[in-house]
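Note: the block below is protein16.txt and it holds compact mmCIF, C-alpha atoms.
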# COMPACT_ATOMS: atom_id res chain seq x y z
CA MET A 288 -55.20 27.64 22.13
CA ALA A 289 -58.95 27.98 21.79
CA VAL A 290 -58.93 24.93 19.56
CA LEU A 291 -57.02 22.99 22.19
CA THR A 292 -59.46 23.89 25.00
CA LYS A 293 -62.42 23.06 22.77
CA ASP A 294 -60.97 19.63 21.94
CA LEU A 295 -60.07 19.00 25.58
CA ARG A 296 -63.57 19.90 26.70
CA SER A 297 -65.32 17.69 24.16
CA GLU A 298 -62.92 14.87 25.00
CA LEU A 299 -63.67 15.20 28.72
CA ARG A 300 -67.38 14.94 27.93
CA ASN A 301 -67.26 11.51 26.32
CA ARG A 302 -63.64 10.30 26.65
CA ALA A 303 -63.94 8.20 23.47
CA ALA A 304 -60.38 8.70 22.20
CA VAL A 305 -58.63 8.40 25.55
CA ASN A 306 -60.45 5.24 26.60
CA SER A 307 -60.00 3.36 23.35
CA VAL A 308 -56.34 4.33 22.94
CA LEU A 309 -55.45 3.42 26.51
CA LEU A 310 -57.27 0.11 26.32
CA PHE A 311 -55.57 -0.64 23.01
CA SER A 312 -52.09 0.07 24.32
CA VAL A 313 -52.59 -1.93 27.51
CA THR A 314 -53.92 -4.85 25.45
CA ALA A 315 -50.96 -4.64 23.08
CA LEU A 316 -48.61 -4.61 26.07
CA VAL A 317 -50.22 -7.66 27.59
CA VAL A 318 -49.98 -9.48 24.25
CA VAL A 319 -46.28 -8.62 24.02
CA GLY A 320 -45.65 -9.68 27.59
CA PHE A 321 -47.62 -12.88 27.11
CA ALA A 322 -45.89 -13.75 23.84
CA THR A 323 -42.35 -13.18 25.09
CA GLY A 324 -43.27 -14.83 28.40
CA SER A 325 -40.29 -16.41 30.05
CA ALA A 326 -38.06 -15.97 27.00
CA LYS A 327 -35.91 -13.24 28.63
CA PRO A 328 -35.53 -10.99 25.56
CA SER A 329 -32.30 -9.03 25.07
CA ALA A 330 -32.00 -5.25 25.40
CA GLU A 331 -32.40 -4.81 21.63
CA VAL A 332 -35.63 -6.77 21.57
CA LYS A 333 -37.01 -4.96 24.62
CA ALA A 334 -36.33 -1.55 23.07
CA ALA A 335 -37.83 -2.60 19.73
CA LEU A 336 -41.00 -4.08 21.28
CA LEU A 337 -41.65 -0.93 23.31
CA TRP A 338 -41.57 1.19 20.15
CA ILE A 339 -43.77 -1.21 18.24
CA VAL A 340 -46.39 -0.90 20.99
CA LEU A 341 -46.08 2.90 21.10
CA PHE A 342 -46.27 3.19 17.29
CA PHE A 343 -49.43 1.15 17.03
CA ALA A 344 -50.96 2.88 20.03
CA ALA A 345 -50.39 6.24 18.36
CA PHE A 346 -51.72 5.05 15.02
CA SER A 347 -54.78 3.42 16.52
CA GLY A 348 -56.28 6.49 18.16
CA LEU A 349 -54.68 9.78 17.17
CA SER A 350 -56.61 9.99 13.89
CA HIS A 351 -59.72 10.61 15.98
CA ILE A 352 -58.87 14.31 16.21
CA PHE A 353 -59.68 15.04 12.55
CA LEU A 354 -62.05 12.13 11.89
CA HIS A 355 -64.30 13.43 14.64
CA GLU A 356 -64.67 16.82 12.93
CA GLU A 357 -65.54 15.17 9.60
CA GLU A 358 -68.02 12.73 11.13
CA ALA A 359 -69.77 15.33 13.26
CA GLY A 360 -69.83 17.72 10.30
CA THR A 361 -68.20 20.46 12.36
CA SER A 362 -65.15 20.95 10.19
CA MET A 363 -66.83 23.70 8.18
CA ALA A 364 -67.61 25.69 11.32
CA LEU A 365 -64.03 25.28 12.47
CA ARG A 366 -62.77 26.37 9.05
CA LEU A 367 -64.75 29.59 9.34
CA THR A 368 -63.70 30.47 12.87
CA ALA A 369 -59.97 29.86 13.02
CA ARG A 370 -56.83 30.13 10.88
CA PRO A 371 -55.42 26.81 9.62
CA GLU A 372 -52.12 27.21 11.49
CA ALA A 373 -53.98 27.76 14.77
CA ILE A 374 -56.14 24.70 14.13
CA PHE A 375 -53.14 22.54 13.35
CA LEU A 376 -51.24 23.66 16.43
CA GLY A 377 -54.29 23.13 18.63
CA LYS A 378 -54.84 19.61 17.29
CA LEU A 379 -51.12 18.88 17.57
CA LEU A 380 -51.05 19.98 21.23
CA PHE A 381 -54.04 17.80 22.00
CA ASN A 382 -52.39 14.80 20.36
CA LEU A 383 -49.14 15.56 22.20
CA LEU A 384 -50.97 15.51 25.53
CA LEU A 385 -52.71 12.26 24.60
CA MET A 386 -49.45 10.68 23.44
CA MET A 387 -47.70 11.69 26.65
CA GLY A 388 -50.55 10.15 28.59
CA ILE A 389 -50.18 6.91 26.62
CA ALA A 390 -46.43 6.88 27.22
CA ALA A 391 -46.91 7.60 30.94
CA VAL A 392 -49.13 4.52 31.23
CA VAL A 393 -47.31 2.21 28.82
CA THR A 394 -43.70 2.70 29.85
CA PRO A 395 -44.01 1.88 33.61
CA LEU A 396 -46.27 -1.09 32.83
CA TYR A 397 -43.73 -2.26 30.28
CA TRP A 398 -40.97 -2.12 32.90
CA VAL A 399 -43.06 -4.25 35.23
CA LEU A 400 -44.24 -6.79 32.66
CA LEU A 401 -40.96 -7.32 30.83
CA ASP A 402 -38.59 -6.77 33.74
CA VAL A 403 -36.81 -3.81 32.16
CA ARG A 404 -34.06 -2.29 34.29
CA PRO A 405 -32.70 0.84 32.60
CA GLU A 406 -29.21 1.86 33.66
CA VAL A 407 -30.07 5.55 33.26
CA ALA A 408 -33.72 6.17 34.02
CA TRP A 409 -33.64 9.84 32.90
CA GLY A 410 -32.11 8.92 29.56
CA TYR A 411 -34.77 6.29 28.99
CA ALA A 412 -37.53 8.71 29.94
CA ALA A 413 -36.03 11.39 27.68
CA ALA A 414 -35.81 8.99 24.73
CA VAL A 415 -39.45 7.98 25.19
CA ALA A 416 -40.60 11.60 25.61
CA VAL A 417 -38.76 12.99 22.56
CA GLY A 418 -39.73 9.99 20.46
CA CYS A 419 -43.39 10.42 21.41
CA ILE A 420 -43.31 14.08 20.34
CA GLY A 421 -42.18 12.96 16.89
CA LEU A 422 -44.84 10.23 16.80
CA ALA A 423 -47.55 12.74 17.71
CA VAL A 424 -46.46 15.21 15.02
CA ALA A 425 -46.46 12.60 12.27
CA ALA A 426 -49.74 11.12 13.52
CA THR A 427 -51.42 14.55 13.43
CA ILE A 428 -50.47 15.52 9.88
CA VAL A 429 -51.24 12.06 8.50
CA ALA A 430 -54.59 12.15 10.32
CA ALA A 431 -55.37 15.42 8.54
CA ILE A 432 -54.50 13.82 5.20
CA ILE A 433 -56.55 10.65 5.62
CA ALA A 434 -59.63 12.32 7.15
CA LYS A 435 -61.16 12.57 3.66
CA ALA A 436 -60.00 9.21 2.29
CA ARG A 437 -61.75 5.84 2.23
CA GLY A 438 -60.49 2.89 4.29
CA LYS A 439 -59.02 5.18 6.90
CA GLY A 440 -57.96 2.67 9.53
CA ALA A 441 -55.58 0.58 7.45
CA LEU A 442 -54.39 3.58 5.47
CA TYR A 443 -53.42 5.49 8.61
CA GLY A 444 -50.65 3.15 9.72
CA ALA A 445 -49.51 2.49 6.15
CA LEU A 446 -49.00 6.19 5.47
CA GLY A 447 -47.50 6.92 8.86
CA PHE A 448 -44.87 4.20 8.97
CA PRO A 449 -42.61 5.31 6.06
CA ILE A 450 -42.54 8.83 7.46
CA LEU A 451 -41.56 7.63 10.92
CA ILE A 452 -38.83 5.11 10.09
CA PRO A 453 -35.85 7.44 10.72
CA LEU A 454 -37.38 8.50 14.04
CA LEU A 455 -38.14 4.93 15.12
CA PHE A 456 -34.60 3.94 14.15
CA MET A 457 -33.13 6.58 16.48
CA ALA A 458 -35.72 5.95 19.20
CA VAL A 459 -34.96 2.23 19.35
CA ASP A 460 -31.25 2.93 19.30
CA GLY A 461 -31.56 5.56 22.04
CA SER A 462 -33.68 3.50 24.40
CA ARG A 463 -31.47 0.45 23.82
CA SER A 464 -28.36 2.35 24.82
CA CYS A 465 -30.01 3.08 28.18
CA LEU A 466 -30.51 -0.63 28.83
CA VAL A 467 -26.99 -1.97 28.28
CA PRO A 468 -24.41 -1.70 31.07
CA GLY A 469 -21.87 1.09 30.64
CA VAL A 470 -24.28 3.39 28.82
CA PRO A 471 -22.84 4.99 25.65
CA LEU A 472 -23.95 8.50 26.62
CA ALA A 473 -22.59 10.16 23.47
CA ALA A 474 -24.72 7.87 21.31
CA LEU A 475 -27.78 8.57 23.47
CA VAL A 476 -27.34 12.34 23.20
CA ARG A 477 -26.80 12.05 19.42
CA ASP A 478 -30.05 10.10 19.11
CA LEU A 479 -31.95 12.61 21.25
CA ILE A 480 -30.70 15.53 19.15
CA GLY A 481 -31.50 13.62 15.96
CA MET A 482 -35.06 12.88 17.09
CA ALA A 483 -35.65 16.46 18.23
CA SER A 484 -34.44 17.91 14.93
CA PHE A 485 -36.54 15.40 13.02
CA ALA A 486 -39.61 16.50 14.99
CA VAL A 487 -38.84 20.17 14.31
CA MET A 488 -38.45 19.50 10.57
CA LEU A 489 -41.73 17.63 10.54
CA VAL A 490 -43.60 20.39 12.41
CA THR A 491 -42.26 23.00 9.99
CA ALA A 492 -43.22 20.96 6.92
CA SER A 493 -46.67 20.23 8.39
CA LEU A 494 -47.37 23.87 9.23
CA LEU A 495 -46.46 24.90 5.69
CA LEU A 496 -48.55 22.17 4.08
CA PHE A 497 -51.55 21.92 6.40
CA PRO A 498 -53.49 24.85 4.80
CA TYR A 499 -53.58 22.90 1.49
CA VAL A 500 -55.11 19.88 3.23
CA TRP A 501 -57.54 21.86 5.28
CA GLU A 502 -59.05 24.36 2.84
CA ASP A 503 -61.68 23.13 0.45
CA MET B 115 -43.16 10.05 -36.35
CA LYS B 116 -41.77 12.96 -34.42
CA GLY B 117 -38.89 12.15 -32.11
CA ILE B 118 -38.45 8.61 -33.30
CA TRP B 119 -34.70 9.00 -33.72
CA TRP B 120 -33.92 9.21 -30.01
CA LYS B 121 -36.14 6.24 -29.26
CA LEU B 122 -34.22 4.20 -31.83
CA LEU B 123 -30.99 5.51 -30.34
CA THR B 124 -32.16 4.41 -26.87
CA GLY B 125 -32.76 0.92 -28.23
CA VAL B 126 -29.31 0.77 -29.81
CA TRP B 127 -27.67 2.16 -26.71
CA MET B 128 -29.46 -0.25 -24.37
CA THR B 129 -28.38 -3.15 -26.60
CA ALA B 130 -24.83 -1.83 -26.44
CA ALA B 131 -25.09 -1.55 -22.64
CA ILE B 132 -26.20 -5.17 -22.36
CA TRP B 133 -23.46 -6.28 -24.76
CA ALA B 134 -20.83 -4.30 -22.83
CA ALA B 135 -22.07 -5.54 -19.46
CA TYR B 136 -21.77 -9.20 -20.40
CA LEU B 137 -18.97 -9.31 -22.97
CA LYS B 138 -16.77 -6.27 -22.53
CA ALA B 139 -16.59 -5.51 -18.80
CA GLY B 140 -15.09 -8.80 -17.64
CA PRO B 141 -15.48 -10.24 -14.16
CA ALA B 142 -14.66 -7.95 -11.23
CA GLU B 143 -11.68 -8.96 -9.12
CA GLY B 144 -11.95 -9.79 -5.46
CA PHE B 145 -15.62 -10.70 -5.19
CA PRO B 146 -16.64 -14.17 -4.01
CA PHE B 147 -18.60 -14.48 -7.25
CA PRO B 148 -16.91 -12.16 -9.77
CA ASP B 149 -19.43 -12.51 -12.57
CA GLY B 150 -22.26 -11.43 -10.28
CA ALA B 151 -20.86 -7.93 -10.12
CA ARG B 152 -22.24 -7.27 -13.62
CA ILE B 153 -25.63 -6.62 -12.06
CA ILE B 154 -24.22 -3.26 -10.94
CA PHE B 155 -24.72 -1.89 -14.47
CA PHE B 156 -28.46 -2.23 -14.06
CA HIS B 157 -28.82 -1.91 -10.30
CA VAL B 158 -27.09 1.45 -9.92
CA PRO B 159 -29.00 3.28 -12.72
CA CYS B 160 -32.27 1.94 -11.29
CA ALA B 161 -31.38 3.40 -7.89
CA TRP B 162 -30.45 6.74 -9.47
CA PHE B 163 -33.67 6.95 -11.41
CA ALA B 164 -35.78 5.96 -8.41
CA SER B 165 -34.25 8.89 -6.51
CA LEU B 166 -34.63 11.15 -9.54
CA ALA B 167 -38.29 10.17 -9.89
CA TYR B 168 -38.83 11.09 -6.24
CA LEU B 169 -37.16 14.50 -6.71
CA MET B 170 -39.28 15.12 -9.81
CA ALA B 171 -42.44 14.16 -7.95
CA CYS B 172 -41.58 16.64 -5.19
CA GLY B 173 -40.88 19.39 -7.72
CA TYR B 174 -44.17 18.70 -9.50
CA SER B 175 -46.05 18.65 -6.16
CA ILE B 176 -44.71 22.08 -5.25
CA THR B 177 -45.57 23.40 -8.72
CA PHE B 178 -49.03 21.85 -8.40
CA LEU B 179 -49.81 23.44 -5.03
CA ASN B 180 -48.51 26.84 -6.21
CA SER B 181 -50.46 26.72 -9.41
CA LEU B 182 -53.59 25.53 -7.60
CA ALA B 183 -53.43 28.49 -5.24
CA ARG B 184 -52.71 30.94 -8.04
CA SER B 185 -54.69 29.85 -11.07
CA GLY B 186 -57.13 27.16 -9.98
CA TRP B 187 -57.74 23.47 -10.49
CA GLU B 188 -58.10 23.38 -14.29
CA ALA B 189 -54.66 24.91 -14.78
CA ALA B 190 -53.04 22.89 -12.04
CA ARG B 191 -54.25 19.40 -12.85
CA ARG B 192 -51.53 18.68 -15.41
CA TRP B 193 -48.91 19.01 -12.67
CA ASP B 194 -50.86 16.51 -10.58
CA LEU B 195 -50.75 14.02 -13.47
CA ARG B 196 -46.98 14.49 -13.72
CA THR B 197 -46.55 13.92 -9.98
CA SER B 198 -48.50 10.70 -10.18
CA VAL B 199 -46.58 9.44 -13.23
CA SER B 200 -43.21 10.19 -11.55
CA MET B 201 -44.34 8.32 -8.46
CA GLU B 202 -45.40 5.27 -10.50
CA LEU B 203 -42.10 5.15 -12.36
CA GLY B 204 -40.26 5.68 -9.08
CA PHE B 205 -42.09 2.72 -7.59
CA LEU B 206 -41.11 0.54 -10.54
CA PHE B 207 -37.44 1.55 -10.45
CA ALA B 208 -37.24 1.27 -6.66
CA ALA B 209 -38.69 -2.24 -6.85
CA LEU B 210 -36.14 -3.19 -9.53
CA THR B 211 -33.35 -1.72 -7.37
CA THR B 212 -34.46 -3.70 -4.35
CA VAL B 213 -34.72 -6.98 -6.23
CA SER B 214 -31.45 -6.66 -8.17
CA GLY B 215 -29.73 -5.43 -5.01
CA SER B 216 -30.78 -8.40 -2.95
CA ILE B 217 -29.66 -10.83 -5.67
CA PHE B 218 -26.25 -9.15 -5.58
CA SER B 219 -26.28 -9.18 -1.79
CA ARG B 220 -27.01 -12.91 -1.75
CA LEU B 221 -24.16 -13.66 -4.18
CA GLU B 222 -21.49 -11.43 -2.69
CA TRP B 223 -22.36 -10.83 0.95
CA GLY B 224 -24.09 -14.11 1.72
CA ALA B 225 -27.65 -13.08 2.53
CA TYR B 226 -30.54 -11.65 0.54
CA TRP B 227 -31.08 -9.01 3.15
CA SER B 228 -28.63 -7.66 5.70
CA TRP B 229 -30.25 -4.40 6.91
CA ASP B 230 -27.49 -2.37 5.42
CA PRO B 231 -28.42 1.38 5.67
CA ARG B 232 -28.73 1.67 1.89
CA GLN B 233 -30.98 -1.37 1.76
CA THR B 234 -33.09 0.13 4.54
CA SER B 235 -33.38 3.44 2.74
CA ILE B 236 -34.37 1.97 -0.63
CA LEU B 237 -36.98 -0.12 1.18
CA VAL B 238 -38.40 2.97 2.86
CA ILE B 239 -38.44 4.90 -0.41
CA LEU B 240 -40.30 1.96 -1.91
CA LEU B 241 -42.81 2.12 0.97
CA ILE B 242 -43.26 5.87 0.43
CA PHE B 243 -43.99 5.33 -3.28
CA ALA B 244 -46.42 2.55 -2.39
CA ALA B 245 -48.14 4.61 0.32
CA TYR B 246 -48.53 7.51 -2.11
CA LEU B 247 -50.15 5.27 -4.73
CA VAL B 248 -52.45 3.67 -2.14
CA LEU B 249 -53.49 7.10 -0.89
CA ARG B 250 -54.38 8.11 -4.46
CA GLY B 251 -56.48 4.99 -4.76
CA ALA B 252 -58.39 5.82 -1.59
CA VAL B 253 -59.68 9.31 -2.49
CA THR B 254 -62.42 9.61 -5.09
CA ASP B 255 -62.71 13.33 -5.79
CA PRO B 256 -59.89 14.25 -8.24
CA GLU B 257 -59.11 17.65 -6.76
CA THR B 258 -59.05 16.44 -3.15
CA ARG B 259 -56.97 13.47 -4.26
CA ALA B 260 -54.47 15.75 -5.97
CA ARG B 261 -54.15 18.07 -2.97
CA LEU B 262 -53.84 15.32 -0.35
CA SER B 263 -51.33 13.27 -2.31
CA ALA B 264 -49.19 16.32 -3.12
CA VAL B 265 -49.07 17.16 0.59
CA TYR B 266 -48.15 13.58 1.47
CA ALA B 267 -45.36 13.55 -1.13
CA LEU B 268 -43.93 16.71 0.41
CA VAL B 269 -44.28 15.57 4.03
CA ALA B 270 -42.35 12.45 3.04
CA VAL B 271 -39.47 14.70 1.95
CA VAL B 272 -38.39 14.94 5.59
CA PRO B 273 -37.66 11.21 6.08
CA GLY B 274 -36.80 10.85 2.37
CA THR B 275 -33.89 13.28 2.44
CA PHE B 276 -32.77 11.84 5.73
CA LEU B 277 -32.72 8.31 4.34
CA ILE B 278 -31.30 8.90 0.87
CA TRP B 279 -28.61 11.41 1.65
CA VAL B 280 -27.92 11.41 5.41
CA LEU B 281 -28.25 7.94 6.88
CA PRO B 282 -26.10 5.96 4.37
CA ARG B 283 -23.26 8.39 4.93
CA ILE B 284 -23.20 8.48 8.74
CA VAL B 285 -23.68 4.78 9.49
CA TYR B 286 -21.21 2.10 8.46
CA THR B 287 -22.34 0.57 5.21
CA LEU B 288 -21.42 -2.32 2.94
CA HIS B 289 -21.87 -0.03 -0.05
CA GLY B 290 -18.95 2.34 -0.44
CA ASP B 291 -19.25 6.12 -0.36
CA ALA B 292 -20.83 7.83 -3.32
CA ASN B 293 -17.66 7.69 -5.42
CA ARG B 294 -16.60 4.11 -4.93
CA ALA B 295 -19.30 1.81 -6.17
CA VAL B 296 -19.26 -1.20 -3.85
CA ILE B 297 -17.06 -2.51 -1.06
CA GLY B 298 -16.14 -6.20 -1.13
CA GLY B 299 -14.15 -6.29 -4.34
CA ASN B 300 -12.40 -4.04 -6.80
CA ILE B 301 -14.37 -2.23 -9.43
CA GLY B 302 -12.07 -1.39 -12.30
CA ASN B 303 -12.10 1.63 -14.56
CA ASN B 304 -13.69 -0.39 -17.36
CA TYR B 305 -16.70 -0.83 -15.07
CA ARG B 306 -16.99 2.90 -14.70
CA THR B 307 -16.79 3.35 -18.48
CA VAL B 308 -19.62 0.88 -19.07
CA LEU B 309 -21.75 2.35 -16.27
CA TYR B 310 -21.47 6.00 -17.28
CA GLY B 311 -20.90 5.56 -21.02
CA PHE B 312 -23.43 2.85 -21.86
CA ALA B 313 -25.91 2.13 -19.05
CA LEU B 314 -26.57 5.71 -17.89
CA PRO B 315 -27.46 7.21 -21.33
CA ALA B 316 -29.60 4.16 -22.14
CA PHE B 317 -31.50 4.55 -18.87
CA ILE B 318 -31.99 8.29 -19.46
CA GLY B 319 -33.63 7.48 -22.79
CA LEU B 320 -35.70 4.67 -21.32
CA PHE B 321 -36.91 6.75 -18.38
CA THR B 322 -37.88 9.71 -20.57
CA TRP B 323 -39.74 7.48 -22.99
CA MET B 324 -41.65 5.64 -20.26
CA PHE B 325 -42.53 8.96 -18.64
CA GLN B 326 -43.89 10.35 -21.93
CA LEU B 327 -45.91 7.24 -22.71
CA ARG B 328 -47.52 7.02 -19.30
CA LEU B 329 -48.27 10.73 -19.22
CA ARG B 330 -49.89 10.63 -22.65
CA GLN B 331 -52.00 7.69 -21.54
CA GLU B 332 -53.13 9.51 -18.38
CA VAL B 333 -54.02 12.63 -20.37
CA LEU B 334 -56.13 10.50 -22.73
CA VAL B 335 -57.89 8.85 -19.78
CA GLU B 336 -58.68 12.31 -18.36
CA ARG B 337 -60.06 13.45 -21.71
CA LEU B 338 -62.27 10.37 -22.02
CA ARG B 339 -63.71 10.88 -18.53
CA GLN B 340 -64.81 14.41 -19.30
CA PRO B 341 -68.23 14.58 -20.96
Output the file's structure as structure tokens, nothing else.
Amino acid sequence: MAVLTKDLRSELRNRAAVNSVLLFSVTALVVVGFATGSAKPSAEVKAALLWIVLFFAAFSGLSHIFLHEEEAGTSMALRLTARPEAIFLGKLLFNLLLMMGIAAVVTPLYWVLLDVRPEVAWGYAAAVAVGCIGLAVAATIVAAIIAKARGKGALYGALGFPILIPLLFMAVDGSRSCLVPGVPLAALVRDLIGMASFAVMLVTASLLLFPYVWED
Amino acid sequence: MKGIWWKLLTGVWMTAAIWAAYLKAGPAEGFPFPDGARIIFFHVPCAWFASLAYLMACGYSITFLNSLARSGWEAARRWDLRTSVSMELGFLFAALTTVSGSIFSRLEWGAYWSWDPRQTSILVILLIFAAYLVLRGAVTDPETRARLSAVYALVAVVPGTFLIWVLPRIVYTLHGDANRAVIGGNIGNNYRTVLYGFALPAFIGLFTWMFQLRLRQEVLVERLRQP
């Protein structure tokens, strides 16, 4: 908790991560909207494009949380003051908040720009929310791994993508089923449960493994 | 030459597997291109050994992290070498699986790639192997590299298990279930004999030999680097 408030406070002071991530995702959205233009994409394409934007938004800015500590040279101080599990959870919560913020901006804009009319708005919102939790978890542990590597930017997405494929698969499927008439609710619920359990598995694995990444 | 007999045996067995695949097995009934089904004898063992290499890498990663915590870097580094060698071999076998699989897919199902769940999962496994090797290339300090890559290998277990063992069995697939080799034609019992009797033992020998060679090479490289 203390780690979360510390990160929130330093973020409020300069807003570097929030600004760049939001600008990136809005730009990506505009590019998608511009490129599809008047093509009237199908429900499958709309669902897929939304997740491509969200994936790249997450993997453009969420690495900041650990990179910042390495660049500012504060990671040693953090290592001395808090247990690794607490640090990981604090960073994860911060990234979750940031990811939810991204989703809250991107999804409504996406509806406007691409003329998305979900049949079940709550189902669509739930699919985006649960999917973003999974994205944030994977983004946090991969950020911890790459913080000490060279060529971080390109590496970040390359390491994150294989881990996230099952989640993206279910997320695209879930948000697509909200867009077609006569929503297959059973399929939607199955996807939501699948994504939630995937996120839980990933959090557990990350909590077990994070101390090995963190301690020098 | 210690252990030369099983290497010779591997050579003989692999020759026998190739002979059996082309001359003994006969074309499979019911496929659009019956002779193409022979690729199964090489495709399926490659897929098995790619999965096996991944399991071995995970086992070695766990052993590495345990041994690092308990007895330090010097004792643990040999497990890191084994993880890396398994991952390299896994990458090679996964690439061979993907290529031979898409040749088969083109001949029998009409397209090189059809986003069948098993195709998707082998592609993702291939990406995980590649990402692991790229990560190793991007960290300079050997101990940090070993720790970070072991953690990545284990984080990737979550999607890995999901993709190898869960997804192909819950989604409709062009491949059959685990017991029936491939849907789209009939695979006779003689195919099973060749696959388990000839190809599998030959691949076991080949895999073990490649693993030993690469590991010995890595150990020599380590020794040369030390002053």
Open item on the list: Please report the interatomic distance between atom CA of Ala425 of chain A and atom CA of Thr314 of chain A in Å with one decimal.
Closed with: 23.1 Å
Open item on the list: Please check the contacts: residues of chain B at most 7 Å away from chain A, using only C-alpha atoms, listed as a count of residues only.
Closed with: 13
All residues 7 Å or closer to segment 307-309 of chain A, only C-alpha atoms, same chain fewer than 3 positions away omitted, as an mmCIF file with C-alpha atoms, in the coordinates of the input:
data_model
loop_
_atom_site.group_PDB
_atom_site.id
_atom_site.type_symbol
_atom_site.label_atom_id
_atom_site.label_comp_id
_atom_site.auth_asym_id
_atom_site.auth_seq_id
_atom_site.Cartn_x
_atom_site.Cartn_y
_atom_site.Cartn_z
ATOM 1 C CA ALA A 303 -63.940 8.200 23.470
ATOM 2 C CA ALA A 304 -60.380 8.700 22.200
ATOM 3 C CA SER A 312 -52.090 0.070 24.320
ATOM 4 C CA VAL A 313 -52.590 -1.930 27.510
ATOM 5 C CA ALA A 344 -50.960 2.880 20.030
ATOM 6 C CA SER A 347 -54.780 3.420 16.520
ATOM 7 C CA GLY A 348 -56.280 6.490 18.160
ATOM 8 C CA ILE A 389 -50.180 6.910 26.620
#
Give the centre and edge lengths of an axis-aligned box, in Å to one decimal, that holds all listed atoms of segment 196-202 of chain B with 6 Å on each side, as lines of an AutoDock Vina configuration file.
center_x = -45.9
center_y = 9.9
center_z = -11.1
size_x = 17.3
size_y = 21.2
size_z = 17.3
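Using only C-alpha atoms, the smallest distance between any of B:Trp187, B:Phe325, B:Trp193, B:Trp162 and Tyr174 of chain B comes from B:Trp193.
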- [ ] Record the distance separating atom CA of Thr368 of chain A and atom CA of His355 of chain A, expressed in Å with one decimal.
- [x] 17.1 Å
TODO: Extract, using all atoms listed in the file, all DNA, RNA and protein residues at most 9 Å from Ala267 of chain B, discarding same-chain residues fewer than 5 positions from it, and format them as number ranges by chain.
DONE: B: 168, 171-172, 175, 197, 242-243, 246, 262
Keeping only C-alpha atoms, take the residues you just selected and write them out as a PDB file, in the coordinates of the input.
ATOM      1  CA  TYR B 168     -38.830  11.090  -6.240  1.00  0.00           C
ATOM      2  CA  ALA B 171     -42.440  14.160  -7.950  1.00  0.00           C
ATOM      3  CA  CYS B 172     -41.580  16.640  -5.190  1.00  0.00           C
ATOM      4  CA  SER B 175     -46.050  18.650  -6.160  1.00  0.00           C
ATOM      5  CA  THR B 197     -46.550  13.920  -9.980  1.00  0.00           C
ATOM      6  CA  ILE B 242     -43.260   5.870   0.430  1.00  0.00           C
ATOM      7  CA  PHE B 243     -43.990   5.330  -3.280  1.00  0.00           C
ATOM      8  CA  TYR B 246     -48.530   7.510  -2.110  1.00  0.00           C
ATOM      9  CA  LEU B 262     -53.840  15.320  -0.350  1.00  0.00           C
TER      10      LEU B 262
END
TODO: Have a look at atom CA of Ala313 of chain B and atom CA of Trp127 of chain B and let me know their distance in Å, one decimal.
DONE: 7.9 Å
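Proximity ranking of B:Ser214, B:Ser200, B:Ser235, B:Ser181 relative to Thr275 of chain B places B:Ser235 first, based on all atoms listed in the file.
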